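Novice: Dropping the structure in here first, questions after.
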Amino acid sequence: MVLAESYEHHVAVLPSPGMGHIVPLLELSKRLVVHHGFHVSFLNITTEASPAQTDLLHSPSLPLGLHVIDLPPADVSSLVNEEMLVLHRLGVIVEESLRCLKSVLIQLGKPKALIIDLFCTQGFDVGKQLSIPVYTFFTPSAAFCAFTLYHPTMDREVEGEFIDLLEPVQVPGCFPVRTEDLLDQIRNRKNDEYRYYFGHVRRLCEAAGIFLNSWEDLEPVPLKAIRENPFYQKISTPPVYPMGPLIKEHEPLTKIDVECLAWLDEQPPDSVLFIVLGSGGTLSSQQLTEFAWGLELSQQRFIWVVRKPTDATASGTFFNVGGDVNDPRAYLPEGFVERTRGVGLVVPSWASQVAFLRHPSTGGFLSHCGWNSSLESITYGVPMIAWPLYAEQRMNATMLAEEVGVAVKPVKGNGKTVIDREEIERVVRLLMEGEQGKAMRSKAKKLQESATNALNTGGSSCDPLSRVAKQWKDLPAPM
Ligand code: UDP
């Protein structure tokens, strides 16, 4: 372990496991080191860490001053099993792994601040014991942050299940949330997943400040609401600091990435649809088959990061990101790979997403609408087909399609269990060659520009981090 006592300005960052959490907290840490001269201890929960997570955190390109500290793996073998819902399992892993948090922070030489992920609220207790201010990096959208701040009120006032509400949820100052878009974790208030989830999110107002991975031009309505609507003042919402988009910048390329990027070089600008369903997303066997047929019928160019289908869950690879590499011919429709040769490429399991999104030939992104993927797409000016699968992705998809105007949502026909091939063909054509697709691309390109401006010196996402960094520097060294 690297002792940080010798560093003048030291902060600790604590993400929960999962690429969607690790990536933005790592980018924030890099900024603190490179732009503000901090020493950052990045506390990595190693229990059940995926291969992709390990590669990212042990990449030689991390700046000096950013130290990844692997927390001792906790033995959770008797506490978790494959049947547990994702957040319940994650909650147990975090709880067990953080039993050492206090001693680790003392050993490191107490940092000036601790920045925790939404699901690491054990950090609030340790912060209190050690007199260290604790900030939350809220990794989803600002709209979802407003929803989360409203959630304890809903929990108190609503009897029965939220999904049975007759009207959309009216989040103060924000757009209403349709019950069918509510996140999975709150659809059944009687299960353990809800208990773990709510146990963390109810503590959001204990933070000294909330960092948001968003920016003023992307989410003006929720940001204004959180700052100005009396509801948020009444519940003592801490100051919010929009700092985004903080997205992955550099990532190691695999041999397959390099080959696919070379193929992309040969394609016309904005002509290829890139398809990835996040780090953990999987389709059912029936949906995968329809999807493949729809894509083939569309006759559009594509790169598809494909995973073995699972019928039990839509987040089949969450705990094994990038680990299950197999031959897609075993589960794609017979002859698909051969028939689409020259038009599309199939990549098993994982690709370095940002490298593909930033390529000029990529003209569309079919995404599960995880918040990081959404930000990455907008940052590179790429419009989306929204294919939400789990967590708060349905809310993100609706917002991107209906409020931001950079995505189209395929429609599942009445009484159907999957989105059929004709609908897939329709949305792929609409995005890649239709007028609506052009309008979404132009909106995405405008937001791309505003994202760059937000992060530049003096931009709306640059100032908040500079302000907090200064406050931390002015704090006396912890005793
Ligand atoms: N990602 C990637 N390659 C893949 C799948 C995912 O690089 O094949 C990255 C993606 O760029 C993003 C993160 O993994 O930074 C996924 O985060 P997101 O919030 O979009 O979704 P989650 O995986 O947490 O559901």
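Ordering of the structure tokens sets the chain letters (A, B, ...); residue numbers start at 1 within each chain; ligands are numbered from 1 in the order shown.
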Given a cut-off of 6 Å, what residues near ligand 1 show up using only C-alpha atoms and all ligand atoms, put as a PyMOL selection string?
Specialist: chain A and resi 19-20+23+276+278-280+350-354+370-373
Novice: How about saving the chosen residues, all heavy atoms kept, as a CSV table (one decimal), in the first residue's frame?
Specialist:
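The file below, part08.csv, is the result:
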```csv
chain,number,residue,atom,x,y,z
A,19,MET,N,-18.4,-1.6,-14.4
A,19,MET,CA,-17.7,-0.6,-15.3
A,19,MET,C,-18.4,0.7,-15.3
A,19,MET,O,-17.8,1.8,-15.4
A,19,MET,CB,-17.7,-1.2,-16.7
A,19,MET,CG,-16.8,-2.4,-16.9
A,19,MET,SD,-15.1,-2.0,-16.4
A,19,MET,CE,-14.4,-1.4,-17.9
A,20,GLY,N,-19.8,0.7,-15.2
A,20,GLY,CA,-20.5,2.0,-15.2
A,20,GLY,C,-20.2,2.9,-14.1
A,20,GLY,O,-20.5,4.1,-14.1
A,23,VAL,N,-15.7,3.6,-14.4
A,23,VAL,CA,-15.2,4.5,-15.4
A,23,VAL,C,-15.3,6.0,-15.0
A,23,VAL,O,-14.3,6.7,-15.1
A,23,VAL,CB,-15.9,4.2,-16.8
A,23,VAL,CG1,-15.7,5.3,-17.8
A,23,VAL,CG2,-15.5,2.8,-17.3
A,276,VAL,N,-23.8,-2.2,-29.0
A,276,VAL,CA,-23.3,-2.8,-27.7
A,276,VAL,C,-24.3,-2.6,-26.7
A,276,VAL,O,-24.9,-1.5,-26.5
A,276,VAL,CB,-22.0,-2.1,-27.2
A,276,VAL,CG1,-21.4,-2.8,-26.0
A,276,VAL,CG2,-20.9,-1.9,-28.3
A,278,GLY,N,-24.0,-2.4,-23.3
A,278,GLY,CA,-23.4,-2.1,-22.1
A,278,GLY,C,-22.5,-3.2,-21.6
A,278,GLY,O,-22.1,-4.1,-22.4
A,279,SER,N,-22.0,-3.1,-20.4
A,279,SER,CA,-21.0,-4.1,-20.0
A,279,SER,C,-21.7,-5.4,-19.5
A,279,SER,O,-21.1,-6.5,-19.6
A,279,SER,CB,-20.2,-3.6,-18.8
A,279,SER,OG,-21.0,-3.1,-17.8
A,280,GLY,N,-23.0,-5.3,-19.1
A,280,GLY,CA,-23.6,-6.5,-18.6
A,280,GLY,C,-24.8,-7.0,-19.4
A,280,GLY,O,-25.4,-8.0,-19.0
A,350,TRP,N,-16.9,-8.1,-26.0
A,350,TRP,CA,-16.4,-6.8,-25.6
A,350,TRP,C,-15.6,-6.1,-26.7
A,350,TRP,O,-14.9,-6.7,-27.4
A,350,TRP,CB,-15.5,-7.1,-24.4
A,350,TRP,CG,-15.0,-5.8,-23.7
A,350,TRP,CD1,-13.8,-5.1,-23.9
A,350,TRP,CD2,-15.7,-5.0,-22.8
A,350,TRP,NE1,-13.8,-4.0,-23.2
A,350,TRP,CE2,-14.9,-3.9,-22.4
A,350,TRP,CE3,-17.0,-5.1,-22.1
A,350,TRP,CZ2,-15.3,-2.9,-21.5
A,350,TRP,CZ3,-17.3,-4.2,-21.2
A,350,TRP,CH2,-16.5,-3.1,-20.9
A,351,ALA,N,-15.8,-4.8,-26.8
A,351,ALA,CA,-15.0,-4.0,-27.7
A,351,ALA,C,-14.7,-2.7,-27.0
A,351,ALA,O,-15.4,-2.3,-26.1
A,351,ALA,CB,-15.8,-3.7,-29.0
A,352,SER,N,-13.6,-2.0,-27.4
A,352,SER,CA,-13.3,-0.8,-26.7
A,352,SER,C,-14.2,0.3,-27.3
A,352,SER,O,-13.9,1.0,-28.2
A,352,SER,CB,-11.8,-0.4,-27.0
A,352,SER,OG,-11.1,-1.5,-26.4
A,353,GLN,N,-15.3,0.5,-26.6
A,353,GLN,CA,-16.5,1.2,-27.1
A,353,GLN,C,-16.2,2.6,-27.6
A,353,GLN,O,-16.6,3.1,-28.7
A,353,GLN,CB,-17.5,1.3,-26.0
A,353,GLN,CG,-18.8,2.0,-26.4
A,353,GLN,CD,-19.9,1.7,-25.4
A,353,GLN,OE1,-20.3,0.5,-25.3
A,353,GLN,NE2,-20.5,2.7,-24.8
A,354,VAL,N,-15.4,3.4,-26.8
A,354,VAL,CA,-15.2,4.8,-27.1
A,354,VAL,C,-14.4,4.9,-28.4
A,354,VAL,O,-14.6,5.8,-29.2
A,354,VAL,CB,-14.4,5.4,-25.9
A,354,VAL,CG1,-13.9,6.8,-26.3
A,354,VAL,CG2,-15.4,5.6,-24.8
A,370,GLY,N,-27.2,2.8,-20.8
A,370,GLY,CA,-26.5,3.0,-19.6
A,370,GLY,C,-26.1,4.5,-19.7
A,370,GLY,O,-25.8,5.0,-20.8
A,371,TRP,N,-25.9,5.1,-18.5
A,371,TRP,CA,-25.6,6.6,-18.6
A,371,TRP,C,-24.3,6.8,-19.2
A,371,TRP,O,-24.1,7.8,-20.0
A,371,TRP,CB,-25.8,7.2,-17.2
A,371,TRP,CG,-25.7,8.7,-17.3
A,371,TRP,CD1,-24.8,9.5,-16.7
A,371,TRP,CD2,-26.6,9.6,-18.1
A,371,TRP,NE1,-25.1,10.9,-17.1
A,371,TRP,CE2,-26.2,10.9,-17.9
A,371,TRP,CE3,-27.7,9.3,-18.9
A,371,TRP,CZ2,-26.8,12.0,-18.5
A,371,TRP,CZ3,-28.4,10.4,-19.5
A,371,TRP,CH2,-27.9,11.7,-19.3
A,372,ASN,N,-23.3,6.0,-18.9
A,372,ASN,CA,-21.9,6.2,-19.5
A,372,ASN,C,-22.0,6.1,-21.0
A,372,ASN,O,-21.4,6.9,-21.8
A,372,ASN,CB,-20.9,5.3,-18.9
A,372,ASN,CG,-20.7,5.5,-17.5
A,372,ASN,OD1,-20.1,6.5,-17.1
A,372,ASN,ND2,-21.2,4.7,-16.6
A,373,SER,N,-22.7,5.0,-21.5
A,373,SER,CA,-22.8,4.8,-22.9
A,373,SER,C,-23.5,6.0,-23.6
A,373,SER,O,-23.1,6.4,-24.7
A,373,SER,CB,-23.5,3.5,-23.2
A,373,SER,OG,-22.7,2.4,-22.7
```
Novice: Pick out the residues sitting within 9 Å of Glu216 in chain A, and hand them over as a list in words; count only C-alpha atoms, and ignore anything fewer than 3 positions along from it in its own chain.
Specialist: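 The filter keeps Glu219, Pro220, Val221, Leu223, Lys224, Pro242, Ala454, Ser460 and Ser461 of chain A.
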Novice: Just the residues within 9 Å of Leu332 in chain A, please, counting only C-alpha atoms, with nothing from its chain fewer than 3 positions along; format it as an MDAnalysis selection string.
Specialist: chainID A and resid 285 288:289 292 308 328:329 335:337
Novice: For the selection you just gave me, I'd like the residues written to a file as a PDB file, in the first residue's frame, keeping C-alpha atoms.
Specialist:
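Saved file again_25.pdb follows:
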```pdb
ATOM      1  CA  SER A 285     -32.411 -16.451 -27.396  1.00  0.00           C
ATOM      2  CA  LEU A 288     -31.252 -12.413 -30.353  1.00  0.00           C
ATOM      3  CA  THR A 289     -32.594 -14.324 -33.353  1.00  0.00           C
ATOM      4  CA  ALA A 292     -30.015 -10.706 -36.142  1.00  0.00           C
ATOM      5  CA  LYS A 308     -24.325 -15.518 -25.642  1.00  0.00           C
ATOM      6  CA  PRO A 328     -21.069 -16.359 -31.846  1.00  0.00           C
ATOM      7  CA  ARG A 329     -21.807 -18.789 -34.691  1.00  0.00           C
ATOM      8  CA  GLY A 335     -25.354 -18.514 -41.970  1.00  0.00           C
ATOM      9  CA  PHE A 336     -25.730 -14.966 -40.489  1.00  0.00           C
ATOM     10  CA  VAL A 337     -21.993 -14.338 -40.270  1.00  0.00           C
TER      11      VAL A 337
END
```
Novice: Can you pull out every residue within 12 Å of Ser466 in chain A, counting only C-alpha atoms, but drop anything in the same chain fewer than 3 positions away, and send it as a list in words?
Specialist: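 Listed by chain and then number, they are Leu28, Arg31, Leu32, His35, His36, Gly37, Phe38, Tyr241, Pro242, Met243, Leu455, Asn456, Thr457, Gly458, Gly459, Ser460, Ser461, Cys462, Asp463, Ala469, Lys470, Gln471, Trp472 and Lys473 of chain A.
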Novice: So that I can see what lies close to range 173-186 of chain A, please list as a count of residues only the residues with an atom at most 6 Å from it, counting only C-alpha atoms and leaving out residues fewer than 3 positions away in the same chain.
Specialist: 12
Novice: For Leu261 in chain A, find every residue with an atom within 12 Å (counting only C-alpha atoms), except residues of its own chain fewer than 3 positions away, and show them as a list in words.
Specialist: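 The filter keeps Leu253, Thr254, Lys255, Ile256, Asp257, Val258, Leu264, Asp265, Glu266, Gln267, Val272, Phe274, Ile303, Leu345, Val347, Ala351, Ser352, Gln353, Val354, Ala355, Phe356, Leu357, Arg358, His359, Pro360, Ser361 and Thr362 of chain A.
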Novice: CA of Pro152 in chain A and CA of Phe138 in chain A are how many Å apart?
Specialist: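 Between CA of Pro152 in chain A and CA of Phe138 in chain A the gap is 16.5 Å.
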Novice: With range 112-125 of chain A as the partner and 12 Å as the cut-off, tabulate the residues of range 21-86 of chain A that qualify, each row holding the nearest pair of atoms and their distance in Å to one decimal, using only C-alpha atoms, sorted by chain and rising number, as a Markdown table.
Specialist:
```
| residue | atom | partner | partner_atom | distance |
| --- | --- | --- | --- | --- |
| A:His21 | CA | A:Asp117 | CA | 7.2 |
| A:Ile22 | CA | A:Asp117 | CA | 9.0 |
| A:Val23 | CA | A:Asp117 | CA | 11.5 |
| A:Pro24 | CA | A:Asp117 | CA | 10.0 |
| A:Leu25 | CA | A:Asp117 | CA | 8.0 |
| A:Leu26 | CA | A:Ile115 | CA | 11.2 |
| A:Leu28 | CA | A:Ile115 | CA | 9.9 |
| A:Ser29 | CA | A:Ile115 | CA | 9.7 |
| A:Leu32 | CA | A:Ile115 | CA | 11.6 |
| A:Phe38 | CA | A:Lys112 | CA | 10.2 |
| A:His39 | CA | A:Lys112 | CA | 10.3 |
| A:Val40 | CA | A:Leu114 | CA | 9.9 |
| A:Ser41 | CA | A:Leu114 | CA | 9.5 |
| A:Phe42 | CA | A:Ile115 | CA | 9.6 |
| A:Leu43 | CA | A:Ile116 | CA | 9.7 |
| A:Asn44 | CA | A:Ile116 | CA | 11.5 |
| A:Ile45 | CA | A:Cys120 | CA | 10.4 |
```
Novice: Nearest residue to Trp293 in chain A out of A:Val86, A:Ile419, A:Ala142, A:Val171, using only C-alpha atoms?
Specialist: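 So, comparing all the options, the nearest one is A:Ile419.
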Novice: Ranking A:Tyr150, A:Arg341, A:Lys234, A:Phe144 by minimum distance to Ala397 in chain A and counting only C-alpha atoms, which one comes first?
Specialist: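 Comparing A:Tyr150, A:Arg341, A:Lys234, A:Phe144 against Ala397 in chain A, the winner is A:Phe144.
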Novice: Between A:Asn396, A:Ser271, A:Ser377, A:Gln107, single out the one closest to Leu431 in chain A, counting only C-alpha atoms.
Specialist: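 That would be A:Ser271, the residue with the smallest distance to Leu431 in chain A.
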Novice: Which residue out of A:Pro133, A:Lys409, A:Leu98, A:Val418 has the minimum interatomic distance to Leu430 in chain A when only C-alpha atoms are used?
Specialist: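 Among the listed residues, the smallest separation from Leu430 in chain A belongs to A:Lys409.
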Novice: Mind pulling up the distance from CA of Trp263 in chain A to CA of Met440 in chain A?
Specialist: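 If I compute the distance from CA of Met440 in chain A to CA of Trp263 in chain A, I get 25.2 Å.
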Novice: Interatomic distance between CA of Trp215 in chain A and CA of Gly244 in chain A?
Specialist: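 Here the two named atoms are 5.4 Å from each other.
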Novice: Can you tell me which residues surround Leu204 in chain A at a distance of at most 8 Å, considering only C-alpha atoms, apart from same-chain residues fewer than 4 positions away, and format the answer as a list in words?
Specialist: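 Counting only the stated atoms, we get Leu118, Thr136, Leu149 and His200 of chain A.
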Novice: Can you write just those residues out, N, CA, C and O atoms, as a PDB file, in the first residue's frame?
Specialist:
```
ATOM      1  N   LEU A 118     -22.667   6.005  -5.225  1.00  0.00           N
ATOM      2  CA  LEU A 118     -24.006   5.941  -4.638  1.00  0.00           C
ATOM      3  C   LEU A 118     -24.223   4.704  -3.761  1.00  0.00           C
ATOM      4  O   LEU A 118     -24.948   4.758  -2.764  1.00  0.00           O
ATOM      5  N   THR A 136     -20.697  12.493  -2.697  1.00  0.00           N
ATOM      6  CA  THR A 136     -21.187  11.388  -3.529  1.00  0.00           C
ATOM      7  C   THR A 136     -21.002  11.736  -5.000  1.00  0.00           C
ATOM      8  O   THR A 136     -21.402  12.812  -5.436  1.00  0.00           O
ATOM      9  N   LEU A 149     -33.705  11.864  -5.198  1.00  0.00           N
ATOM     10  CA  LEU A 149     -33.925  12.750  -4.050  1.00  0.00           C
ATOM     11  C   LEU A 149     -35.401  12.733  -3.636  1.00  0.00           C
ATOM     12  O   LEU A 149     -35.740  12.916  -2.460  1.00  0.00           O
ATOM     13  N   HIS A 200     -29.293   2.547   0.449  1.00  0.00           N
ATOM     14  CA  HIS A 200     -28.230   3.449  -0.008  1.00  0.00           C
ATOM     15  C   HIS A 200     -28.796   4.795  -0.477  1.00  0.00           C
ATOM     16  O   HIS A 200     -28.333   5.844  -0.042  1.00  0.00           O
TER      17      HIS A 200
END
```
Novice: List every residue of range 250-297 of chain A that DSSP, applied to the backbone of this structure, places in alpha helix (DSSP H), and write the result as JSON, numbers by chain.
Specialist: {"A": [255, 256, 257, 258, 259, 260, 261, 262, 263, 264, 265, 285, 286, 287, 288, 289, 290, 291, 292, 293, 294, 295, 296, 297]}
Novice: Find the residue from A:Asn326, A:Gln286, A:Met154, A:Val80 that sits nearest to Thr310 in chain A; use only C-alpha atoms when measuring.
Specialist: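 Closest to Thr310 in chain A of all the choices is A:Gln286.
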Novice: Could you pull out the strand (DSSP E) residues of range 251-299 of chain A, going by DSSP on the backbone, and write them as a ChimeraX atom specification?
Specialist: /A:272-276
